[in-house]
$ cat input.pdb   # PDB, C-alpha atoms
ATOM      1  CA  MET T   8      30.594 135.058  44.452
ATOM      2  CA  MET T   9      27.456 133.773  46.100
ATOM      3  CA  ALA T  10      24.437 133.934  43.825
ATOM      4  CA  MET T  11      21.828 136.519  44.656
ATOM      5  CA  GLY T  12      18.933 135.239  46.712
ATOM      6  CA  THR T  13      20.715 132.244  48.233
ATOM      7  CA  GLN T  14      21.685 133.873  51.529
ATOM      8  CA  GLY T  15      18.592 135.890  52.404
ATOM      9  CA  VAL T  16      18.618 139.540  53.291
ATOM     10  CA  LEU T  17      21.307 140.695  55.718
ATOM     11  CA  THR T  18      20.171 142.798  58.621
ATOM     12  CA  GLU T  19      21.698 146.233  58.906
ATOM     13  CA  ALA T  20      23.694 145.113  61.953
ATOM     14  CA  THR T  21      25.067 142.048  60.147
ATOM     15  CA  TYR T  22      25.958 144.066  57.051
ATOM     16  CA  TYR T  23      27.841 146.712  59.019
ATOM     17  CA  ILE T  24      29.588 144.155  61.227
ATOM     18  CA  LEU T  25      30.812 142.289  58.138
ATOM     19  CA  LEU T  26      31.979 145.557  56.567
ATOM     20  CA  SER T  27      33.841 146.550  59.712
ATOM     21  CA  LEU T  28      35.688 143.223  59.739
ATOM     22  CA  TYR T  29      37.610 143.823  56.535
ATOM     23  CA  GLU T  30      40.258 144.655  59.145
ATOM     24  CA  SER T  31      40.802 142.579  62.279
ATOM     25  CA  LEU T  32      38.865 144.045  65.217
ATOM     26  CA  HIS T  33      37.657 143.068  68.673
ATOM     27  CA  GLY T  34      34.066 143.504  69.851
ATOM     28  CA  TYR T  35      34.266 147.036  71.162
ATOM     29  CA  GLY T  36      36.311 148.074  68.097
ATOM     30  CA  ILE T  37      33.484 146.763  65.905
ATOM     31  CA  MET T  38      30.918 148.814  67.842
ATOM     32  CA  GLN T  39      32.997 151.959  67.383
ATOM     33  CA  LYS T  40      33.711 151.301  63.705
ATOM     34  CA  VAL T  41      30.041 150.708  62.905
ATOM     35  CA  THR T  42      29.034 153.910  64.701
ATOM     36  CA  GLN T  43      31.727 155.790  62.790
ATOM     37  CA  MET T  44      30.795 154.302  59.368
ATOM     38  CA  SER T  45      27.119 155.126  59.837
ATOM     39  CA  ASN T  46      27.850 158.624  61.188
ATOM     40  CA  GLY T  47      26.383 157.634  64.539
ATOM     41  CA  ARG T  48      23.071 156.393  63.108
ATOM     42  CA  VAL T  49      23.682 152.697  63.854
ATOM     43  CA  GLN T  50      24.700 152.002  67.447
ATOM     44  CA  LEU T  51      25.077 148.305  68.076
ATOM     45  CA  GLY T  52      23.829 146.970  71.383
ATOM     46  CA  ALA T  53      26.264 144.625  73.108
ATOM     47  CA  GLY T  54      23.682 141.811  73.051
ATOM     48  CA  THR T  55      23.024 142.293  69.355
ATOM     49  CA  LEU T  56      26.745 142.318  68.553
ATOM     50  CA  TYR T  57      27.409 139.177  70.570
ATOM     51  CA  GLY T  58      24.520 137.340  68.887
ATOM     52  CA  VAL T  59      25.562 138.333  65.361
ATOM     53  CA  LEU T  60      29.254 137.485  65.968
ATOM     54  CA  SER T  61      28.320 134.008  67.235
ATOM     55  CA  THR T  62      26.104 133.387  64.210
ATOM     56  CA  LEU T  63      28.708 134.650  61.740
ATOM     57  CA  VAL T  64      31.435 132.459  63.265
ATOM     58  CA  GLU T  65      29.103 129.438  63.089
ATOM     59  CA  ARG T  66      28.341 130.255  59.464
ATOM     60  CA  GLY T  67      32.025 130.652  58.583
ATOM     61  CA  TRP T  68      31.641 134.254  57.424
ATOM     62  CA  ILE T  69      34.115 135.513  60.025
ATOM     63  CA  VAL T  70      36.921 133.862  61.999
ATOM     64  CA  GLU T  71      38.652 134.568  65.265
ATOM     65  CA  THR T  72      42.163 135.790  64.504
ATOM     66  CA  ALA T  73      43.554 136.531  67.948
ATOM     67  CA  GLN T  74      42.662 136.613  71.624
ATOM     68  CA  TYR T  75      44.127 139.000  74.200
ATOM     69  CA  ASP T  76      43.023 138.164  77.741
ATOM     70  CA  ARG T  77      39.337 137.527  77.079
ATOM     71  CA  ARG T  78      39.097 139.899  74.100
ATOM     72  CA  LYS T  79      38.757 138.109  70.771
ATOM     73  CA  GLU T  80      39.567 139.663  67.417
ATOM     74  CA  TYR T  81      37.649 138.710  64.303
ATOM     75  CA  LEU T  82      38.224 138.983  60.524
ATOM     76  CA  ILE T  83      35.906 138.456  57.586
ATOM     77  CA  THR T  84      36.407 135.302  55.442
ATOM     78  CA  GLU T  85      35.993 134.863  51.675
ATOM     79  CA  ALA T  86      32.474 133.500  52.279
ATOM     80  CA  GLY T  87      31.690 136.591  54.341
ATOM     81  CA  LYS T  88      33.023 138.863  51.606
ATOM     82  CA  ALA T  89      30.819 137.051  49.078
ATOM     83  CA  ALA T  90      27.816 137.674  51.310
ATOM     84  CA  VAL T  91      28.660 141.385  51.491
ATOM     85  CA  GLU T  92      29.049 141.561  47.697
ATOM     86  CA  ALA T  93      25.693 139.873  47.191
ATOM     87  CA  GLU T  94      24.051 142.260  49.631
ATOM     88  CA  MET T  95      25.612 145.242  47.863
ATOM     89  CA  LEU T  96      24.130 144.031  44.566
ATOM     90  CA  ARG T  97      20.734 143.703  46.219
ATOM     91  CA  LEU T  98      20.993 147.184  47.723
ATOM     92  CA  ALA T  99      22.129 148.606  44.370
ATOM     93  CA  GLU T 100      19.067 147.069  42.714
ATOM     94  CA  LEU T 101      16.814 148.562  45.404
ATOM     95  CA  TRP T 102      18.431 151.953  44.970
ATOM     96  CA  ALA T 103      18.278 151.846  41.139
ATOM     97  CA  ASN T 104      14.611 150.871  41.139
ATOM     98  CA  GLY T 105      13.837 153.531  43.709
ATOM     99  CA  GLN T 106      15.611 156.138  41.621
ATOM    100  CA  ALA T 107      13.867 155.032  38.430
ATOM    101  CA  VAL T 108      10.397 155.243  39.953
ATOM    102  CA  THR T 109      10.720 158.334  42.129
ATOM    103  CA  ARG T 110      13.058 160.441  39.986
ATOM    104  CA  GLY T 111      12.547 159.153  36.442
ATOM    105  CA  GLY T 112       8.909 158.094  36.332
ATOM    106  CA  GLN T 113       7.526 154.538  36.229
ATOM    107  CA  ARG T 114       9.822 151.945  34.673
TER     108      ARG T 114
ATOM    109  CA  MET A   3      24.324 150.233 110.408
ATOM    110  CA  ARG A   4      20.761 151.469 110.863
ATOM    111  CA  ALA A   5      17.394 151.483 109.204
ATOM    112  CA  GLN A   6      16.591 154.879 107.742
ATOM    113  CA  GLU A   7      13.765 156.469 105.850
ATOM    114  CA  ILE A   8      14.516 158.821 102.962
ATOM    115  CA  GLY A   9      11.472 160.114 101.131
ATOM    116  CA  ASP A  10       9.150 157.110 101.053
ATOM    117  CA  ILE A  11      11.983 154.589 100.756
ATOM    118  CA  LYS A  12      12.490 152.619 103.935
ATOM    119  CA  TRP A  13      16.067 151.350 103.777
ATOM    120  CA  ASN A  14      16.894 148.140 105.590
ATOM    121  CA  LYS A  15      20.480 149.167 106.071
ATOM    122  CA  VAL A  16      22.629 152.248 105.475
ATOM    123  CA  VAL A  17      26.399 151.807 105.622
ATOM    124  CA  GLY A  18      28.320 154.892 104.525
ATOM    125  CA  GLN A  19      27.077 155.680 101.019
ATOM    126  CA  GLU A  20      25.497 152.258 100.541
ATOM    127  CA  HIS A  21      21.748 152.014 101.021
ATOM    128  CA  THR A  22      20.158 148.573 101.024
ATOM    129  CA  VAL A  23      16.482 147.795 100.595
ATOM    130  CA  SER A  24      14.454 144.605 100.129
ATOM    131  CA  LYS A  25      12.219 144.527  97.099
ATOM    132  CA  TRP A  26       9.930 141.660  96.233
ATOM    133  CA  TRP A  27       7.624 140.955  93.351
ATOM    134  CA  LEU A  28       4.896 138.330  93.386
ATOM    135  CA  SER A  29       6.003 137.491  89.877
ATOM    136  CA  GLU A  30       9.734 138.082  89.362
ATOM    137  CA  ASP A  31      10.504 139.429  85.922
ATOM    138  CA  LEU A  32      13.708 140.978  84.559
ATOM    139  CA  ALA A  33      11.639 143.714  82.908
ATOM    140  CA  LYS A  34      10.161 144.676  86.287
ATOM    141  CA  ILE A  35      13.586 144.683  87.917
ATOM    142  CA  GLU A  36      14.914 146.902  85.112
ATOM    143  CA  GLU A  37      11.961 149.267  85.486
ATOM    144  CA  TYR A  38      12.417 149.436  89.276
ATOM    145  CA  LEU A  39      16.157 150.122  88.998
ATOM    146  CA  ASN A  40      15.578 152.877  86.434
ATOM    147  CA  GLN A  41      12.968 154.406  88.761
ATOM    148  CA  MET A  42      15.495 154.369  91.612
ATOM    149  CA  ILE A  43      18.120 155.988  89.352
ATOM    150  CA  ALA A  44      15.567 158.670  88.449
ATOM    151  CA  ARG A  45      15.271 159.350  92.191
ATOM    152  CA  GLY A  46      19.043 159.613  92.584
ATOM    153  CA  PHE A  47      20.121 156.103  93.603
ATOM    154  CA  ARG A  48      22.423 154.026  91.410
ATOM    155  CA  PRO A  49      22.256 150.238  91.925
ATOM    156  CA  VAL A  50      25.598 148.673  92.803
ATOM    157  CA  SER A  51      24.691 145.135  93.773
ATOM    158  CA  ILE A  52      21.835 142.734  94.315
ATOM    159  CA  GLY A  53      22.233 140.230  97.090
ATOM    160  CA  TRP A  54      20.454 137.038  97.956
ATOM    161  CA  THR A  55      16.825 137.406  98.989
ATOM    162  CA  SER A  56      16.335 140.449  96.753
ATOM    163  CA  GLN A  57      18.509 142.867  98.748
ATOM    164  CA  PHE A  58      19.140 145.818  96.415
ATOM    165  CA  THR A  59      22.061 148.069  97.323
ATOM    166  CA  PHE A  60      22.310 151.612  95.943
ATOM    167  CA  VAL A  61      24.669 154.575  96.217
ATOM    168  CA  PRO A  62      23.557 158.188  95.680
ATOM    169  CA  CYS A  63      23.912 159.671  92.191
ATOM    170  CA  ALA A  64      22.396 162.589  90.299
ATOM    171  CA  PRO A  65      18.766 161.829  89.362
ATOM    172  CA  GLY A  66      18.722 160.115  85.962
ATOM    173  CA  GLU A  67      22.524 160.000  85.779
ATOM    174  CA  TYR A  68      22.518 156.377  84.596
ATOM    175  CA  LEU A  69      20.479 154.005  82.466
ATOM    176  CA  CYS A  70      19.920 150.395  83.491
ATOM    177  CA  ARG A  71      19.450 147.400  81.178
ATOM    178  CA  THR A  72      19.070 143.666  81.712
ATOM    179  CA  ALA A  73      19.725 140.571  79.611
ATOM    180  CA  MET A  74      19.576 136.824  80.013
ATOM    181  CA  THR A  75      22.853 134.998  79.423
ATOM    182  CA  VAL A  76      21.579 131.661  78.171
ATOM    183  CA  THR A  77      22.095 129.516  75.083
ATOM    184  CA  ASN A  78      19.400 129.031  72.449
ATOM    185  CA  GLY A  79      18.498 125.885  74.376
ATOM    186  CA  GLY A  80      17.866 127.962  77.506
ATOM    187  CA  PHE A  81      20.886 126.883  79.590
ATOM    188  CA  TYR A  82      23.495 129.131  81.194
ATOM    189  CA  ASP A  83      25.997 130.315  78.581
ATOM    190  CA  LYS A  84      29.285 131.010  80.355
ATOM    191  CA  VAL A  85      30.996 132.316  77.213
ATOM    192  CA  LYS A  86      28.125 134.674  76.406
ATOM    193  CA  ALA A  87      28.079 135.958  79.994
ATOM    194  CA  ALA A  88      31.826 136.670  79.931
ATOM    195  CA  GLU A  89      31.924 138.217  76.460
ATOM    196  CA  LEU A  90      28.793 140.282  76.965
ATOM    197  CA  SER A  91      30.036 141.706  80.254
ATOM    198  CA  ASP A  92      33.446 142.461  78.675
ATOM    199  CA  LEU A  93      31.740 144.298  75.812
ATOM    200  CA  LEU A  94      29.590 146.265  78.227
ATOM    201  CA  VAL A  95      32.516 147.248  80.419
ATOM    202  CA  ALA A  96      34.522 148.306  77.345
ATOM    203  CA  ASP A  97      31.527 150.402  76.298
ATOM    204  CA  GLY A  98      31.558 152.284  79.623
ATOM    205  CA  SER A  99      28.977 150.229  81.525
ATOM    206  CA  SER A 100      29.234 148.804  85.020
ATOM    207  CA  ILE A 101      27.909 145.345  85.773
ATOM    208  CA  VAL A 102      25.554 145.599  88.747
ATOM    209  CA  GLU A 103      24.883 141.900  88.970
ATOM    210  CA  GLN A 104      25.660 138.761  87.024
ATOM    211  CA  TYR A 105      23.967 135.592  88.170
ATOM    212  CA  ALA A 106      23.651 131.954  87.160
ATOM    213  CA  THR A 107      21.580 129.611  89.277
ATOM    214  CA  LEU A 108      19.765 126.332  88.622
ATOM    215  CA  GLY A 109      21.569 126.017  85.270
ATOM    216  CA  TYR A 110      18.944 127.999  83.389
ATOM    217  CA  ARG A 111      18.334 131.136  85.471
ATOM    218  CA  ALA A 112      21.163 133.335  84.239
ATOM    219  CA  GLY A 113      21.441 136.973  83.370
ATOM    220  CA  LEU A 114      23.122 140.269  83.955
ATOM    221  CA  ILE A 115      22.148 143.766  84.982
ATOM    222  CA  ALA A 116      24.242 146.704  83.797
ATOM    223  CA  VAL A 117      24.192 150.487  84.129
ATOM    224  CA  ARG A 118      25.823 153.111  81.934
ATOM    225  CA  PRO A 119      26.008 156.893  82.318
ATOM    226  CA  ALA A 120      23.070 158.466  80.486
ATOM    227  CA  ALA A 121      25.475 161.108  79.161
ATOM    228  CA  ALA A 122      27.065 158.394  76.953
ATOM    229  CA  GLY A 123      23.877 158.319  74.861
ATOM    230  CA  PRO A 124      21.094 155.792  74.335
ATOM    231  CA  PHE A 125      21.796 152.481  76.034
ATOM    232  CA  GLU A 126      20.247 149.307  74.644
ATOM    233  CA  LEU A 127      21.617 145.779  74.861
ATOM    234  CA  THR A 128      19.609 144.793  71.805
ATOM    235  CA  SER A 129      19.614 147.211  68.908
ATOM    236  CA  ASP A 130      17.662 145.273  66.296
ATOM    237  CA  LEU A 131      14.465 143.250  66.067
ATOM    238  CA  ASP A 132      16.134 139.852  65.699
ATOM    239  CA  SER A 133      18.199 140.132  68.851
ATOM    240  CA  ARG A 134      15.279 141.665  70.772
ATOM    241  CA  ILE A 135      13.082 138.735  69.729
ATOM    242  CA  ALA A 136      15.854 136.291  70.733
ATOM    243  CA  GLU A 137      16.096 137.955  74.157
ATOM    244  CA  TYR A 138      12.331 137.812  74.662
ATOM    245  CA  ARG A 139      12.281 134.142  73.592
ATOM    246  CA  ALA A 140      14.937 133.343  76.196
ATOM    247  CA  ARG A 141      12.898 135.121  78.868
ATOM    248  CA  LYS A 142       9.664 133.449  77.773
ATOM    249  CA  ARG A 143      11.317 130.021  77.893
ATOM    250  CA  TYR A 144      12.627 130.646  81.401
ATOM    251  CA  TYR A 145       9.302 131.827  82.840
ATOM    252  CA  LEU A 146       7.352 129.119  81.018
ATOM    253  CA  LEU A 147       9.635 126.422  82.390
ATOM    254  CA  THR A 148       9.397 127.904  85.884
ATOM    255  CA  GLY A 149       5.600 128.055  85.695
ATOM    256  CA  LEU A 150       5.321 124.492  84.395
ATOM    257  CA  CYS A 151       7.674 123.171  87.086
ATOM    258  CA  TRP A 152       5.515 124.710  89.811
ATOM    259  CA  PHE A 153       2.391 123.358  88.122
ATOM    260  CA  ALA A 154       3.896 119.863  87.980
ATOM    261  CA  ALA A 155       4.864 120.156  91.641
ATOM    262  CA  ALA A 156       1.316 121.208  92.531
ATOM    263  CA  MET A 157      -0.188 118.279  90.636
ATOM    264  CA  ALA A 158       2.279 115.785  92.125
ATOM    265  CA  PHE A 159       1.570 117.071  95.618
ATOM    266  CA  LEU A 160      -2.171 116.967  95.006
ATOM    267  CA  CYS A 161      -2.092 113.382  93.720
ATOM    268  CA  ASN A 162       0.127 112.309  96.585
ATOM    269  CA  ALA A 163      -2.069 114.019  99.188
ATOM    270  CA  LEU A 164      -5.268 112.608  97.721
ATOM    271  CA  SER A 165      -3.991 109.067  97.677
ATOM    272  CA  PHE A 166      -2.505 109.401 101.167
ATOM    273  CA  GLY A 167      -5.627 111.018 102.549
ATOM    274  CA  THR A 168      -8.015 108.449 101.160
ATOM    275  CA  ILE A 169      -6.215 105.346 102.383
ATOM    276  CA  SER A 170      -7.855 104.910 105.739
ATOM    277  CA  SER A 171      -5.252 102.498 107.099
ATOM    278  CA  HIS A 172      -2.782 105.361 107.322
ATOM    279  CA  TRP A 173      -5.065 107.224 109.651
ATOM    280  CA  SER A 174      -6.190 104.577 112.094
ATOM    281  CA  ALA A 175      -3.618 105.746 114.645
ATOM    282  CA  PHE A 176      -4.457 109.449 114.334
ATOM    283  CA  SER A 177      -7.258 111.595 115.647
ATOM    284  CA  ALA A 178      -9.832 113.136 113.350
ATOM    285  CA  ILE A 179      -8.222 116.582 113.761
ATOM    286  CA  THR A 180      -4.771 115.316 112.786
ATOM    287  CA  HIS A 181      -6.311 113.535 109.859
ATOM    288  CA  THR A 182      -8.051 116.689 108.698
ATOM    289  CA  ILE A 183      -4.884 118.783 109.009
ATOM    290  CA  PHE A 184      -2.566 116.380 107.230
ATOM    291  CA  ALA A 185      -4.989 115.043 104.674
ATOM    292  CA  PHE A 186      -6.782 118.249 103.655
ATOM    293  CA  VAL A 187      -5.605 121.549 105.184
ATOM    294  CA  LEU A 188      -1.837 121.299 104.621
ATOM    295  CA  PRO A 189      -2.118 119.805 101.114
ATOM    296  CA  LEU A 190      -4.647 122.478 100.211
ATOM    297  CA  ILE A 191      -2.297 125.249 101.378
ATOM    298  CA  CYS A 192       0.711 123.726  99.592
ATOM    299  CA  VAL A 193      -1.155 123.063  96.356
ATOM    300  CA  SER A 194      -2.544 126.616  96.425
ATOM    301  CA  LEU A 195       0.942 128.085  96.933
ATOM    302  CA  PHE A 196       2.375 125.954  94.128
ATOM    303  CA  LEU A 197      -0.450 126.958  91.793
ATOM    304  CA  ILE A 198       0.048 130.651  92.615
ATOM    305  CA  SER A 199       3.791 130.233  91.911
ATOM    306  CA  SER A 200       2.902 128.517  88.655
ATOM    307  CA  ILE A 201       0.659 131.404  87.588
ATOM    308  CA  CYS A 202       3.395 133.868  88.601
ATOM    309  CA  GLY A 203       5.720 132.101  86.157
ATOM    310  CA  LEU A 204       3.193 131.736  83.381
ATOM    311  CA  VAL A 205       1.991 135.360  83.396
ATOM    312  CA  PRO A 206       5.386 136.823  82.302
ATOM    313  CA  ALA A 207       5.711 134.000  79.754
ATOM    314  CA  ILE A 208       2.406 135.038  78.186
ATOM    315  CA  ARG A 209       3.460 138.698  78.279
ATOM    316  CA  TYR A 210       6.714 137.899  76.457
ATOM    317  CA  GLN A 211       4.891 135.748  73.907
ATOM    318  CA  LYS A 212       2.667 138.743  73.093
ATOM    319  CA  ALA A 213       5.740 140.986  72.804
ATOM    320  CA  ILE A 214       7.402 138.483  70.462
ATOM    321  CA  LYS A 215       4.315 138.406  68.222
ATOM    322  CA  ARG A 216       4.248 142.201  68.162
ATOM    323  CA  LEU A 217       7.927 142.373  67.174
ATOM    324  CA  GLU A 218       7.540 139.649  64.548
ATOM    325  CA  ALA A 219       4.668 141.587  62.984
ATOM    326  CA  GLN A 220       6.897 144.659  62.967
ATOM    327  CA  ARG A 221       9.688 142.654  61.334
ATOM    328  CA  ASP A 222       7.393 141.884  58.419
ATOM    329  CA  ILE A 223       7.741 145.490  57.314
ATOM    330  CA  SER A 224      10.901 146.723  58.970
ATOM    331  CA  GLU A 225      14.275 145.330  60.098
ATOM    332  CA  VAL A 226      15.124 147.796  62.831
TER     333      VAL A 226
END

$ encode --input "input.pdb" --output "structure tokens"
Amino acid sequence: MMAMGTQGVLTEATYYILLSLYESLHGYGIMQKVTQMSNGRVQLGAGTLYGVLSTLVERGWIVETAQYDRRKEYLITEAGKAAVEAEMLRLAELWANGQAVTRGGQR
Amino acid sequence: MRAQEIGDIKWNKVVGQEHTVSKWWLSEDLAKIEEYLNQMIARGFRPVSIGWTSQFTFVPCAPGEYLCRTAMTVTNGGFYDKVKAAELSDLLVADGSSIVEQYATLGYRAGLIAVRPAAAGPFELTSDLDSRIAEYRARKRYYLLTGLCWFAAAMAFLCNALSFGTISSHWSAFSAITHTIFAFVLPLICVSLFLISSICGLVPAIRYQKAIKRLEAQRDISEV
């Protein structure tokens, strides 16, 4: 797994897009899945999605698995999964520290 | 086909449901076009196409029935990105949008204009700070380049006119009036027009630079 701090902080859009690609999906499927996972809170703009997908493919965190007409399907890679795991650790640390300070007094 | 006035809109052409009007801006800017199209939608006219020479065609709709958004379809280097244009329009269509116009001219002036029913919820092509900043950078680059090209043209024309006008041998065969027109009046008009065009390009570039700085400052404390 990628060491903490070597990849930078993932944006919310990137994090959710990576999570949604644990199954193979095309662009519009990703938009729907992200909306569903976040209970409608995160609604990806088409421009944002296109930009993030291009960057993630370049970085090797996702790959194109199929193409129907002009619709491409993508899937997360092992490197992408490592990035998600690292981000989850970071978020867990944020949450734990937040809990400790706000619910349990100063650490 | 006839010109017709509805409210204070003077249509150039009305064919069936299609109403066409010319709309010009001294300084063309995608943000202004988006604002204008949303204003027209608020008045009950949905844009369906944009022709050459800024001919906007609309069909009637319920006031505010749609939302309009614009984006540039260029690479990070500022050139037309065919793949981005195709994939972005496919995504938009899948998401329930209609593409009003998709254009690519001069290799670096490329973008799209889309509308989506307002009932489908908020409509943004960029939903986070990073992609919004990237979009504004693309726009800034385009307007900056346009402004600088016009400025270079103005300077080249000025230098050429000055050198031509001051070499007296060129003018021995012409009258004083002809000399004045060709050596001073016409160059002055052309250089002025080029400089105005240059300013019209540079003003949006400065506006986008300010917007980028504002968003970058926001990003320091927030991602979305």

$ interface_residues --input "input.pdb" --of "chain T" --to "chain A" --cutoff "8 Å" --atoms "all atoms listed in the file" --output "ChimeraX atom specification"
/T:18-20,34-35,50-55,57-58,77-78

$ write_last_selection --input "input.pdb" --atoms "C-alpha atoms" --output "tab-separated table (two decimals), in the coordinates of the input"
chain	number	residue	atom	x	y	z
T	18	THR	CA	20.17	142.80	58.62
T	19	GLU	CA	21.70	146.23	58.91
T	20	ALA	CA	23.69	145.11	61.95
T	34	GLY	CA	34.07	143.50	69.85
T	35	TYR	CA	34.27	147.04	71.16
T	50	GLN	CA	24.70	152.00	67.45
T	51	LEU	CA	25.08	148.30	68.08
T	52	GLY	CA	23.83	146.97	71.38
T	53	ALA	CA	26.26	144.62	73.11
T	54	GLY	CA	23.68	141.81	73.05
T	55	THR	CA	23.02	142.29	69.36
T	57	TYR	CA	27.41	139.18	70.57
T	58	GLY	CA	24.52	137.34	68.89
T	77	ARG	CA	39.34	137.53	77.08
T	78	ARG	CA	39.10	139.90	74.10

$ resolve_selection --input "input.pdb" --expression "the PyMOL selection byres ((chain A and resi 193-201) around 6)" --output "number ranges by chain"
A: 149, 152-153, 156, 189-192, 202-205

$ atom_distance --input "input.pdb" --atom1 "CA of Pro206 in chain A" --atom2 "CA of Leu150 in chain A"
12.5 Å

$ atom_distance --input "input.pdb" --atom1 "CA of Gly18 in chain A" --atom2 "CA of Thr59 in chain A"
11.7 Å

$ atom_distance --input "input.pdb" --atom1 "CA of Thr77 in chain A" --atom2 "CA of Ala106 in chain A"
12.4 Å

$ resolve_selection --input "input.pdb" --expression "the PyMOL selection byres ((chain T and resi 30) around 9)" --output "ChimeraX atom specification"
/T:26-29,31-32,81-83

$ resolve_selection --input "input.pdb" --expression "the PyMOL selection byres ((chain A and resi 60) around 9)" --output "NGL selection string"
:A and (19-23 or 42-43 or 47-51 or 58-59 or 61-62)

$ closest_residue --input "input.pdb" --among "A:Ala207, A:Ala64, A:Ile11, A:Leu28" --to "Ala140 in chain A" --atoms "only C-alpha atoms"
A:Ala207

$ axis_aligned_box --input "input.pdb" --around "range 80-89 of chain T" --padding-each-side "4 Å" --output "lines of an AutoDock Vina configuration file"
center_x = 35.2
center_y = 136.6
center_z = 58.2
size_x = 16.7
size_y = 14.2
size_z = 26.3

$ closest_residue --input "input.pdb" --among "T:Lys88, T:Lys40, T:Arg66, T:Lys79" --to "Tyr23 in chain T" --atoms "all atoms listed in the file"
T:Lys40

$ closest_residue --input "input.pdb" --among "T:Gln43, T:Ala107, T:Gly87, T:Leu98" --to "Glu65 in chain T" --atoms "only C-alpha atoms"
T:Gly87

$ closest_residue --input "input.pdb" --among "T:Val16, T:Leu25, T:Thr109, T:Asn104" --to "Leu63 in chain T" --atoms "all atoms listed in the file"
T:Leu25

$ closest_residue --input "input.pdb" --among "A:Ser56, A:Leu39, A:Asn14, A:Ser165" --to "Trp27 in chain A" --atoms "all atoms listed in the file"
A:Ser56
